[in-house]
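Take a look at the structure below.
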Protein chains: 2
Amino acid sequence: MSLVTVGTVAFDSIQTPSGKADRVVGGAASYIALAASHFVREQELISVIGEDFPEDFLSTLESRGVRTNGLVTIKGGKSFFWEGSYHEDLIGRDTVTTELNVLEGWVPTVPESARDSKFVMLGNLDPSVQLSVIDQLYEPPRLIVLDTMNFWMDIAMENLKKVISKVDVLMINDDEARQLTGHKTLPLAAAAVHEMGPKTVVIKKGEHGAIMFEEGQTFFSPAMPLEKVVDPTGAGDTFAGGFIGYLARLGDTSWEAKKQAVVVGSVMASFTCEAFGTERLQSLQESEWHKRMSQMRAMVKFRSIRG
Amino acid sequence: MSLVTVGTVAFDSIQTPSGKADRVVGGAASYIALAASHFVREQELISVIGEDFPEDFLSTLESRGVRTNGLVTIKGGKSFFWEGSYHEDLIGRDTVTTELNVLEGWVPTVPESARDSKFVMLGNLDPSVQLSVIDQLYEPPRLIVLDTMNFWMDIAMENLKKVISKVDVLMINDDEARQLTGHKTLPLAAAAVHEMGPKTVVIKKGEHGAIMFEEGQTFFSPAMPLEKVVDPTGAGDTFAGGFIGYLARLGDTSWEAKKQAVVVGSVMASFTCEAFGTERLQSLQESEWHKRMSQMRAMVKFRSIRG
């Protein structure tokens, strides 16, 4: 199996200026797997849910080639639940409730079928869980991508640095890059991350796009300008899923492929912002993301300068 | 004469995390004219200064082809003075002092030699001054570019809207685009600006780049990622000067030319951020901005996606 993702599968209740969604399916791994399913026919998912989780979402995943034998259901358990409320600018947000539930104390088991995965996506969750997944792999994969956030820098920096030292690509946002490294500018922050292990650093800037650094090279992709943003929840996870899904499809980890993958990630994330939950990722057609890829190309293309 | 700029020529005292500069030459028109001087051999400048202004800066302008017969010196007057202090993030800043001095009540006179200018840059100042300059032109220029800021939206919205209705290109930042139009997303804000007159809207986002909208087309340029930002004062004016200077050099106002001009503006602005005041714009060599233009191209270029 070429792609395996570990991450949360959860319920979210979300309030944004556009409205409210109550207990919709969310979690990093849901967004990642659905985004990647537009690029790979088969993939593995490692996560944990409670008995309260809807069967039909699992069927949706399976119908899209996401194998769920690594998705453990805890009998009598309740799924991870997050409730949040976005500010008017859709950037700031307040967490109203976080119920870890089945996530508490969870030790992941990588299914036999996933232990030789070539592409490994460590979705945002406890670094100790991410470490455990890496340890269960039979041999070094071609690419390990790590997504994380400031929360883990605050409470589990030591473990987080251990994970960072073992991955090929680190994905964080610009504030987190500053927090992790103590550097104010992104080129210096990226250089400091390289020193920690990862060859490649992808810095996500939300509506301001994403910038990738690798061995002295820099690539930038804008975010797709949207007329209306309904709910940005899961946009970063979707970005990650598009990024690694596209690379797994190509079986290519070159700089050229990664540049395309950043644009793919940006395009996929733009769809997630257009509706609550994973809805838009499920209805999305190939012709739609193709069209946005072309728009992204046109948006940054300019003729070489006359001297 | 093909290019004329109206704007402030002033003294700035600036504190940033990198240090402090005391009474260095600044003002929108200084940055605009110096940036444009890298592209056009001759240009006109309309502004007002006091007797306290250093002769050698005027000589610098003239040596770079900036004609100063539109630059009025008020006998016994003091030049416009601004003192500001930047926050740690180099985005927020506090104004410590603003002394309008000779700017107060100033009514500009467009020199005879500038009244048939084809490219007109209205640098950020009182909209009534910008209006007066437009009124003194003999015939409609090929391109009028307007730069303004939230300050004028707060205290002179009516006059500002009059100027906006008469220009081809409006340059503002993202917060100002939202304030001016009441729309939260940039595509909707740009559409609302089009309704007010300008065919083209350029939204400056500082370190996050610039996005341009024109007749359903969108172009995005990242900002040059810098390892160290010393002083962002004048970066927006420099962007404007690079933009219009490049178009005036080509004598071209097509979409293709404007796209290049946005990148030129971004590149020129990056140099201004590397030092206090206008220093870096004066020392800048053609080979240096050429190199950054190539880096900008490389930074956004990606291969078309395999299906």
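Chain labels follow the order of the structure tokens: the first chain is A, the next B, and so on; residue numbering restarts at 1 in every chain, and ligands are counted from 1 in their shown order.
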
Could you work out which residues of chain A fall inside 6 Å of chain B? Count only C-alpha atoms, and format the result as a VMD selection string. chain A and resid 185 187 to 188 208 218 to 220 227 260 299 to 300 302

Kindly export the residues of the current selection with C-alpha atoms, as a tab-separated table (two decimals), in the first residue's frame.
```
chain	number	residue	atom	x	y	z
A	185	THR	CA	11.47	35.78	9.05
A	187	PRO	CA	13.71	32.05	5.31
A	188	LEU	CA	15.62	32.00	8.61
A	208	HIS	CA	-2.04	34.23	2.05
A	218	THR	CA	11.91	28.51	-2.58
A	219	PHE	CA	8.45	27.99	-4.03
A	220	PHE	CA	5.34	30.00	-3.35
A	227	GLU	CA	-15.64	35.23	-3.00
A	260	GLN	CA	2.96	20.95	-8.10
A	299	MET	CA	-2.75	33.79	-11.74
A	300	VAL	CA	1.02	33.72	-11.22
A	302	PHE	CA	4.06	36.65	-16.20
```

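Excluding Glu139 in chain A and any residue on its chain fewer than 4 positions from it, the residues at most 10 Å away by only C-alpha atoms are Arg115, Asp116, Ser117, Lys118, Ile134 and Asp135 of chain A.
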
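In this model, the gap between CA of Val193 in chain A and CA of Thr181 in chain A comes to 7.0 Å.
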
Please, which residues in range 165-243 of chain A fall within 12 Å of range 5-21 of chain A when counting only C-alpha atoms, and what is the closest atom pair and distance in Å to one decimal for each, ordered by chain then residue number, as a Markdown table?
```
| residue | atom | partner | partner_atom | distance |
| --- | --- | --- | --- | --- |
| A:Lys228 | CA | A:Ser18 | CA | 9.1 |
| A:Val229 | CA | A:Ser18 | CA | 8.1 |
| A:Val230 | CA | A:Ser18 | CA | 5.5 |
| A:Asp231 | CA | A:Thr16 | CA | 6.4 |
| A:Pro232 | CA | A:Thr16 | CA | 8.9 |
| A:Thr233 | CA | A:Ile14 | CA | 8.2 |
| A:Gly234 | CA | A:Asp12 | CA | 10.3 |
| A:Asp237 | CA | A:Gly7 | CA | 9.6 |
| A:Ala240 | CA | A:Thr5 | CA | 10.4 |
| A:Gly241 | CA | A:Thr5 | CA | 8.9 |
```

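As for CA of Val110 in chain B and CA of Lys162 in chain B, they are spaced 19.2 Å apart.
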
Polymer residues at most 9 Å from range 147-160 of chain B, only C-alpha atoms, same-chain spacing of 5 or more positions, as a PyMOL selection string: chain B and resi 121-128+130-131+165+169-173+175-176+179-180+236-237+240

All strand (DSSP E) positions in range 78-217 of chain B, as number ranges by chain: B: 80-86, 93-99, 119-122, 143-147, 169-173, 200-204, 210-214, 217

Those same residues, written as a JSON list (two decimals), in the first residue's frame with N, CA and C atoms?
```json
[["chain", "number", "residue", "atom", "x", "y", "z"],
["B", 80, "PHE", "N", 7.35, 68.54, 6.04],
["B", 80, "PHE", "CA", 6.49, 67.54, 6.68],
["B", 80, "PHE", "C", 7.37, 66.56, 7.45],
["B", 81, "PHE", "N", 6.92, 66.24, 8.66],
["B", 81, "PHE", "CA", 7.73, 65.36, 9.53],
["B", 81, "PHE", "C", 6.85, 64.27, 10.12],
["B", 82, "TRP", "N", 7.31, 63.03, 10.03],
["B", 82, "TRP", "CA", 6.59, 61.92, 10.64],
["B", 82, "TRP", "C", 7.54, 61.11, 11.50],
["B", 83, "GLU", "N", 7.07, 60.77, 12.69],
["B", 83, "GLU", "CA", 7.87, 59.92, 13.56],
["B", 83, "GLU", "C", 7.04, 58.71, 13.96],
["B", 84, "GLY", "N", 7.60, 57.54, 13.77],
["B", 84, "GLY", "CA", 6.84, 56.33, 14.06],
["B", 84, "GLY", "C", 7.70, 55.24, 14.66],
["B", 85, "SER", "N", 7.03, 54.31, 15.31],
["B", 85, "SER", "CA", 7.73, 53.22, 15.98],
["B", 85, "SER", "C", 7.03, 51.90, 15.62],
["B", 86, "TYR", "N", 7.78, 50.98, 15.07],
["B", 86, "TYR", "CA", 7.21, 49.70, 14.65],
["B", 86, "TYR", "C", 7.20, 48.69, 15.78],
["B", 93, "ARG", "N", 2.35, 49.53, 13.82],
["B", 93, "ARG", "CA", 3.24, 50.65, 14.13],
["B", 93, "ARG", "C", 2.45, 51.76, 14.80],
["B", 94, "ASP", "N", 3.14, 52.51, 15.66],
["B", 94, "ASP", "CA", 2.50, 53.64, 16.33],
["B", 94, "ASP", "C", 3.10, 54.92, 15.79],
["B", 95, "THR", "N", 2.21, 55.87, 15.50],
["B", 95, "THR", "CA", 2.69, 57.19, 15.10],
["B", 95, "THR", "C", 2.99, 57.99, 16.36],
["B", 96, "VAL", "N", 4.22, 58.47, 16.46],
["B", 96, "VAL", "CA", 4.62, 59.24, 17.63],
["B", 96, "VAL", "C", 4.33, 60.72, 17.39],
["B", 97, "THR", "N", 4.68, 61.21, 16.23],
["B", 97, "THR", "CA", 4.49, 62.62, 15.88],
["B", 97, "THR", "C", 4.10, 62.74, 14.41],
["B", 98, "THR", "N", 3.19, 63.63, 14.10],
["B", 98, "THR", "CA", 2.95, 64.03, 12.72],
["B", 98, "THR", "C", 2.92, 65.56, 12.69],
["B", 99, "GLU", "N", 3.86, 66.16, 11.99],
["B", 99, "GLU", "CA", 3.84, 67.62, 11.82],
["B", 99, "GLU", "C", 3.62, 67.91, 10.35],
["B", 119, "PHE", "N", 1.62, 59.26, -17.93],
["B", 119, "PHE", "CA", 1.50, 58.40, -16.74],
["B", 119, "PHE", "C", 1.52, 59.29, -15.49],
["B", 120, "VAL", "N", 0.48, 59.15, -14.69],
["B", 120, "VAL", "CA", 0.32, 60.02, -13.53],
["B", 120, "VAL", "C", 0.21, 59.18, -12.26],
["B", 121, "MET", "N", 1.10, 59.45, -11.32],
["B", 121, "MET", "CA", 1.09, 58.74, -10.05],
["B", 121, "MET", "C", 0.64, 59.67, -8.94],
["B", 122, "LEU", "N", -0.54, 59.36, -8.38],
["B", 122, "LEU", "CA", -1.03, 60.14, -7.25],
["B", 122, "LEU", "C", -0.62, 59.41, -5.97],
["B", 143, "LEU", "N", -2.63, 56.60, -18.17],
["B", 143, "LEU", "CA", -2.84, 55.83, -16.94],
["B", 143, "LEU", "C", -2.68, 56.72, -15.71],
["B", 144, "ILE", "N", -3.72, 56.75, -14.89],
["B", 144, "ILE", "CA", -3.59, 57.40, -13.58],
["B", 144, "ILE", "C", -3.65, 56.33, -12.51],
["B", 145, "VAL", "N", -2.62, 56.29, -11.67],
["B", 145, "VAL", "CA", -2.58, 55.33, -10.56],
["B", 145, "VAL", "C", -2.74, 56.10, -9.25],
["B", 146, "LEU", "N", -3.65, 55.62, -8.42],
["B", 146, "LEU", "CA", -3.92, 56.28, -7.14],
["B", 146, "LEU", "C", -3.52, 55.38, -5.98],
["B", 147, "ASP", "N", -2.68, 55.92, -5.12],
["B", 147, "ASP", "CA", -2.35, 55.22, -3.87],
["B", 147, "ASP", "C", -2.99, 56.03, -2.75],
["B", 169, "VAL", "N", -6.17, 52.94, -11.97],
["B", 169, "VAL", "CA", -5.68, 51.89, -11.07],
["B", 169, "VAL", "C", -5.77, 52.41, -9.63],
["B", 170, "LEU", "N", -6.42, 51.64, -8.77],
["B", 170, "LEU", "CA", -6.42, 51.96, -7.34],
["B", 170, "LEU", "C", -5.52, 50.99, -6.61],
["B", 171, "MET", "N", -4.61, 51.54, -5.80],
["B", 171, "MET", "CA", -3.74, 50.72, -4.96],
["B", 171, "MET", "C", -4.08, 50.94, -3.50],
["B", 172, "ILE", "N", -4.44, 49.88, -2.81],
["B", 172, "ILE", "CA", -4.71, 49.96, -1.38],
["B", 172, "ILE", "C", -4.27, 48.65, -0.74],
["B", 173, "ASN", "N", -4.27, 48.60, 0.60],
["B", 173, "ASN", "CA", -3.95, 47.31, 1.21],
["B", 173, "ASN", "C", -5.25, 46.52, 1.47],
["B", 200, "THR", "N", -8.76, 48.75, -12.77],
["B", 200, "THR", "CA", -7.77, 47.85, -12.17],
["B", 200, "THR", "C", -7.63, 48.13, -10.68],
["B", 201, "VAL", "N", -7.56, 47.08, -9.90],
["B", 201, "VAL", "CA", -7.35, 47.23, -8.46],
["B", 201, "VAL", "C", -6.14, 46.41, -8.06],
["B", 202, "VAL", "N", -5.19, 47.06, -7.40],
["B", 202, "VAL", "CA", -4.02, 46.35, -6.90],
["B", 202, "VAL", "C", -4.07, 46.38, -5.38],
["B", 203, "ILE", "N", -4.16, 45.20, -4.78],
["B", 203, "ILE", "CA", -4.25, 45.13, -3.32],
["B", 203, "ILE", "C", -2.91, 44.66, -2.77],
["B", 204, "LYS", "N", -2.31, 45.56, -1.99],
["B", 204, "LYS", "CA", -0.98, 45.29, -1.42],
["B", 204, "LYS", "C", -1.17, 44.59, -0.08],
["B", 210, "ALA", "N", 1.08, 40.81, -3.36],
["B", 210, "ALA", "CA", 0.11, 41.75, -3.94],
["B", 210, "ALA", "C", -0.77, 41.01, -4.92],
["B", 211, "ILE", "N", -2.04, 41.39, -4.96],
["B", 211, "ILE", "CA", -2.96, 40.74, -5.88],
["B", 211, "ILE", "C", -3.65, 41.82, -6.71],
["B", 212, "MET", "N", -3.76, 41.56, -8.01],
["B", 212, "MET", "CA", -4.33, 42.56, -8.92],
["B", 212, "MET", "C", -5.55, 41.97, -9.62],
["B", 213, "PHE", "N", -6.60, 42.77, -9.70],
["B", 213, "PHE", "CA", -7.84, 42.37, -10.36],
["B", 213, "PHE", "C", -8.13, 43.32, -11.52],
["B", 214, "GLU", "N", -8.50, 42.78, -12.65],
["B", 214, "GLU", "CA", -8.89, 43.63, -13.80],
["B", 214, "GLU", "C", -9.80, 42.83, -14.71],
["B", 217, "GLN", "N", -10.00, 39.13, -14.53],
["B", 217, "GLN", "CA", -8.70, 38.45, -14.46],
["B", 217, "GLN", "C", -8.03, 38.77, -13.12]]
```

To test your reading of the structure, identify every residue in range 39-219 of chain A that backbone DSSP assigns to alpha helix (DSSP H), and report it as a ChimeraX atom specification. /A:55-63,127-135,150-155,157-164,174-181,186-196

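Among the candidates A:Ile32, A:Thr68, A:Trp106, A:Val25, the residue lying nearest to Pro54 in chain A is A:Val25 (atoms considered: only C-alpha atoms).
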